[in-house]
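run-v6.pdb (PDB, C-alpha atoms) appears below.
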MODEL        1
ATOM      1  CA  MET A 246      55.362  93.403  63.739
ATOM      2  CA  LYS A 247      55.462  96.269  61.244
ATOM      3  CA  LYS A 248      56.048  98.715  64.091
ATOM      4  CA  PHE A 249      59.390  97.130  65.007
ATOM      5  CA  THR A 250      60.949  96.581  61.561
ATOM      6  CA  TRP A 251      63.073  99.708  62.004
ATOM      7  CA  LEU A 252      64.509  98.234  65.217
ATOM      8  CA  ILE A 253      66.576  95.563  63.437
ATOM      9  CA  PRO A 254      68.624  97.993  61.289
ATOM     10  CA  LEU A 255      69.049 100.289  64.295
ATOM     11  CA  LEU A 256      70.410  97.493  66.488
ATOM     12  CA  PHE A 257      72.661  96.281  63.682
ATOM     13  CA  GLY A 258      74.037  99.799  63.180
ATOM     14  CA  LEU A 259      74.733 100.245  66.888
ATOM     15  CA  ASN A 260      76.493  96.892  66.955
ATOM     16  CA  VAL A 261      78.783  97.988  64.114
ATOM     17  CA  VAL A 262      79.550 101.295  65.831
ATOM     18  CA  PHE A 263      80.396  99.690  69.170
ATOM     19  CA  ALA A 264      82.458  96.957  67.522
ATOM     20  CA  GLY A 265      84.506  99.685  65.853
ATOM     21  CA  CYS A 266      85.364 101.119  69.268
ATOM     22  CA  ASP A 267      86.741  97.798  70.539
ATOM     23  CA  GLU A 268      90.558  97.855  70.944
ATOM     24  CA  ARG A 269      91.171  94.097  70.803
ATOM     25  CA  GLY A 270      91.536  94.136  67.047
ATOM     26  CA  ARG A 271      93.915  97.111  66.865
ATOM     27  CA  GLN A 272      96.790  97.050  64.443
ATOM     28  CA  PRO A 273     100.188  96.395  66.029
ATOM     29  CA  GLY A 274     102.331  99.482  66.255
ATOM     30  CA  THR A 275      99.476 101.862  66.936
ATOM     31  CA  ARG A 276      99.707 103.585  70.269
ATOM     32  CA  THR A 277      97.213 104.992  72.657
ATOM     33  CA  THR A 278      98.088 107.558  75.264
ATOM     34  CA  PRO A 279      97.804 105.971  78.686
ATOM     35  CA  SER A 280      95.549 107.654  81.172
ATOM     36  CA  PRO A 281      97.181 108.931  84.357
ATOM     37  CA  SER A 282      95.720 106.028  86.299
ATOM     38  CA  THR A 283      97.354 103.432  83.997
ATOM     39  CA  ALA A 284     100.615 105.274  83.388
ATOM     40  CA  PRO A 285     103.682 103.959  85.188
ATOM     41  CA  SER A 286     104.189 105.694  88.495
ATOM     42  CA  THR A 287     107.911 106.225  88.040
ATOM     43  CA  SER A 288     109.207 109.702  88.667
ATOM     44  CA  LYS A 289     109.496 112.016  85.707
ATOM     45  CA  LEU A 290     113.040 112.395  84.432
ATOM     46  CA  SER A 291     114.290 114.835  81.856
ATOM     47  CA  ASP A 292     116.285 113.655  78.846
ATOM     48  CA  SER A 293     119.531 114.881  80.403
ATOM     49  CA  ASP A 294     118.768 113.200  83.760
ATOM     50  CA  LEU A 295     118.144 109.889  82.024
ATOM     51  CA  GLU A 296     121.324 110.256  79.963
ATOM     52  CA  LYS A 297     123.339 111.060  83.091
ATOM     53  CA  ALA A 298     121.934 108.013  84.896
ATOM     54  CA  VAL A 299     122.950 105.724  82.019
ATOM     55  CA  ARG A 300     126.386 107.335  81.638
ATOM     56  CA  ALA A 301     127.005 106.914  85.381
ATOM     57  CA  LYS A 302     126.221 103.193  85.089
ATOM     58  CA  LEU A 303     128.556 102.844  82.092
ATOM     59  CA  GLU A 304     131.352 104.811  83.803
ATOM     60  CA  ASN A 305     131.330 102.381  86.754
ATOM     61  CA  ASP A 306     132.382  99.523  84.465
ATOM     62  CA  ALA A 307     136.093  99.513  83.592
ATOM     63  CA  GLN A 308     135.594  97.862  80.185
ATOM     64  CA  LEU A 309     132.796 100.231  79.146
ATOM     65  CA  LYS A 310     134.496 103.318  80.564
ATOM     66  CA  VAL A 311     137.123 103.171  77.812
ATOM     67  CA  ALA A 312     134.593 102.258  75.102
ATOM     68  CA  ASN A 313     133.472 104.866  72.609
ATOM     69  CA  LEU A 314     129.758 104.906  73.502
ATOM     70  CA  SER A 315     127.202 107.627  72.954
ATOM     71  CA  VAL A 316     123.965 107.850  74.969
ATOM     72  CA  ASN A 317     120.866 109.603  73.669
ATOM     73  CA  ALA A 318     117.718 109.591  75.806
ATOM     74  CA  ASP A 319     114.089 110.464  75.183
ATOM     75  CA  ALA A 320     112.499 110.492  78.632
ATOM     76  CA  GLU A 321     109.001 111.193  77.315
ATOM     77  CA  ARG A 322     109.052 108.025  75.193
ATOM     78  CA  ASN A 323     111.064 106.163  77.883
ATOM     79  CA  GLU A 324     113.775 105.266  75.349
ATOM     80  CA  ILE A 325     117.551 105.211  75.390
ATOM     81  CA  THR A 326     119.697 104.860  72.269
ATOM     82  CA  LEU A 327     123.210 103.488  72.699
ATOM     83  CA  SER A 328     125.626 103.894  69.801
ATOM     84  CA  GLY A 329     129.332 103.608  69.251
ATOM     85  CA  THR A 330     131.853 100.780  69.319
ATOM     86  CA  VAL A 331     132.962  98.176  71.852
ATOM     87  CA  ARG A 332     135.587  95.416  71.683
ATOM     88  CA  SER A 333     133.349  92.383  72.355
ATOM     89  CA  HIS A 334     129.802  91.073  72.245
ATOM     90  CA  ALA A 335     129.975  90.620  76.022
ATOM     91  CA  ALA A 336     130.709  94.337  76.460
ATOM     92  CA  ARG A 337     127.817  95.165  74.157
ATOM     93  CA  GLY A 338     125.441  93.002  76.197
ATOM     94  CA  LYS A 339     126.695  94.484  79.449
ATOM     95  CA  ALA A 340     126.156  98.033  78.158
ATOM     96  CA  ILE A 341     122.575  97.192  77.196
ATOM     97  CA  GLU A 342     121.850  95.600  80.583
ATOM     98  CA  LEU A 343     123.346  98.545  82.466
ATOM     99  CA  ALA A 344     121.261 100.988  80.402
ATOM    100  CA  LYS A 345     118.105  98.980  81.169
ATOM    101  CA  SER A 346     118.917  99.095  84.873
ATOM    102  CA  ALA A 347     119.081 102.909  84.869
ATOM    103  CA  LYS A 348     115.278 103.202  84.873
ATOM    104  CA  PRO A 349     112.680 100.441  85.186
ATOM    105  CA  GLY A 350     110.842  99.666  81.955
ATOM    106  CA  VAL A 351     113.105 101.707  79.698
ATOM    107  CA  LEU A 352     113.427 100.652  76.062
ATOM    108  CA  VAL A 353     117.019 100.430  74.828
ATOM    109  CA  ASN A 354     117.731 100.909  71.132
ATOM    110  CA  ASP A 355     121.004  99.105  70.427
ATOM    111  CA  LYS A 356     123.155 100.683  67.727
ATOM    112  CA  ILE A 357     126.463  99.477  69.162
ATOM    113  CA  ASP A 358     129.053  98.055  66.763
ATOM    114  CA  VAL A 359     131.449  95.340  67.891
ATOM    115  CA  LYS A 360     134.993  95.783  66.566
ATOM    116  CA  PRO A 361     137.564  93.468  68.202
ATOM    117  CA  ALA A 362     141.048  94.828  68.841
ATOM    118  CA  THR A 363     143.469  94.089  66.012
TER     119      THR A 363
ENDMDL
END

The structure in this file should be written as structure tokens.
Amino acid sequence: MKKFTWLIPLLFGLNVVFAGCDERGRQPGTRTTPSPSTAPSTSKLSDSDLEKAVRAKLENDAQLKVANLSVNADAERNEITLSGTVRSHAARGKAIELAKSAKPGVLVNDKIDVKPAT
């Protein structure tokens, strides 16, 4: 029995080390870099390509074509930021939906103000 007394602290220490490597208890907001096998298989777009795709969608809508909207894209983070002003909440929602349809899985940051016509 005396020969194996060192085994208990060793096993306990290994358990603590491996439990620390478990990702289930990660803090929200922390990111891991996906491996190529788990990364989305969408084609790589540059920032300007993503911006152009969103602008083209917005230009096809008559109500949004005259709106004062700015598009800023970060293709690496798969994010689009829409800012500016529109005349209604419906136009705001439509702009967000059109931006989301430009690329599957894109995150849209909404900074659009609604200012009805006076």

| field | Test item: residues at most 12 Å from region 345-352 of chain A, all atoms listed in the file, excluding those fewer than 3 positions along its chain, as a ChimeraX atom specification | value | /A:284-290,294-303,317-327,338-342,355

| task | Could you give me, as number ranges by chain, the residues that sit within 10 Å of (134.7, 98.7, 72.6) in the file's coordinates, counting all atoms listed in the file? | result | A: 308-314, 329-337, 357-362

| Between CA of Ser293 (chain A) and CA of Val353 (chain A), what is the distance, to one decimal in Å? |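 Result for CA of Ser293 (chain A) versus CA of Val353 (chain A): 15.7 Å, one decimal.
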
| query | At what distance in Å, to one decimal, does CA of Thr363 (chain A) lie from CA of Ser328 (chain A)? | reply | 20.7 Å

| field | Coordinates-based distance that separates CA of Asn305 (chain A) from CA of Asn354 (chain A) (Å, one decimal) | value | 20.8 Å
